[in-house]
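Trainee: Have a look at this one before I ask anything.
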Amino acid sequence: MTTKTFVVPNISCGHCTHTIEQEVAEMAGVQSVKADQETKQVTVAWDSPASWDEIKSLLQEINYPPAES
């Protein structure tokens with residue numbers, strides 16, 4: 001399993017975190033998603049067939065792109 005924690009600058013409220021958690025959790029292979037409103041951090045754990053590129057693409061699609069590190 002792969003786990004990645006990253007910052008999403010667009011997080012501003014509980015609705016943002018809920019949307020991210022709900023949308024990403026629906027992807028095949030995603031095991032867990034936790035978004036934090038205070039730190040604007042999101043942690044995602046996944047296995048195949050999910051990939052970081054697919055997760056990043058979905059986040060951009062729903063207007064919560066991860067900050068480039």
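Going by the structure tokens order, chains are called A, B, ..., each with residues numbered from 1, while ligands are numbered from 1 in the order shown.
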Would you mind listing what lies within 12 Å of range 59-67 of chain A as an MDAnalysis selection string, with only C-alpha atoms counted and same-chain residues fewer than 4 positions away left out?
Mentor: chainID A and resid 4:12 15:25 27 35 40:44 52:55
Trainee: As an NGL selection string, please: every residue in chain A that a backbone DSSP assignment puts in strand (DSSP E).
Mentor: :A and (2-7 or 30-36 or 41-46)
Trainee: Taking only C-alpha atoms into account, name the residue in A:Thr3, A:Ala45, A:Glu68, A:Ser57 that is nearest to Val30 in chain A.
Mentor: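 Ranking A:Thr3, A:Ala45, A:Glu68, A:Ser57 by distance to Val30 in chain A, first place goes to A:Ala45.
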Trainee: Choose the residue, out of A:Ser51, A:Met1, A:Lys56, A:Trp46, that has the smallest atom-to-atom separation from Ser32 in chain A; count only C-alpha atoms.
Mentor: A:Trp46
Trainee: DSSP says alpha helix (DSSP H) for which residues of range 11-61 of chain A? Put them as an MDAnalysis selection string?
Mentor: chainID A and resid 14:25 52:61
Trainee: Take the residues just selected and output them with C-alpha atoms as a compact mmCIF listing (two decimals), in the first residue's frame.
Mentor:
```txt
# COMPACT_ATOMS: atom_id res chain seq x y z
CA GLY A 14 -15.69 21.30 6.45
CA HIS A 15 -17.53 20.99 3.16
CA CYS A 16 -14.17 21.03 1.34
CA THR A 17 -12.77 18.20 3.44
CA HIS A 18 -15.99 16.19 3.08
CA THR A 19 -15.97 16.57 -0.71
CA ILE A 20 -12.33 15.51 -1.00
CA GLU A 21 -12.82 12.50 1.29
CA GLN A 22 -15.99 11.38 -0.49
CA GLU A 23 -14.73 11.80 -4.07
CA VAL A 24 -11.30 10.23 -3.55
CA ALA A 25 -12.70 7.34 -1.47
CA TRP A 52 -0.92 9.06 -7.52
CA ASP A 53 -1.41 10.46 -11.04
CA GLU A 54 -5.08 9.39 -11.03
CA ILE A 55 -5.66 10.78 -7.53
CA LYS A 56 -3.98 14.08 -8.44
CA SER A 57 -6.02 14.27 -11.64
CA LEU A 58 -9.29 13.72 -9.75
CA LEU A 59 -8.37 16.40 -7.19
CA GLN A 60 -7.68 18.88 -10.01
CA GLU A 61 -10.99 17.93 -11.64
```
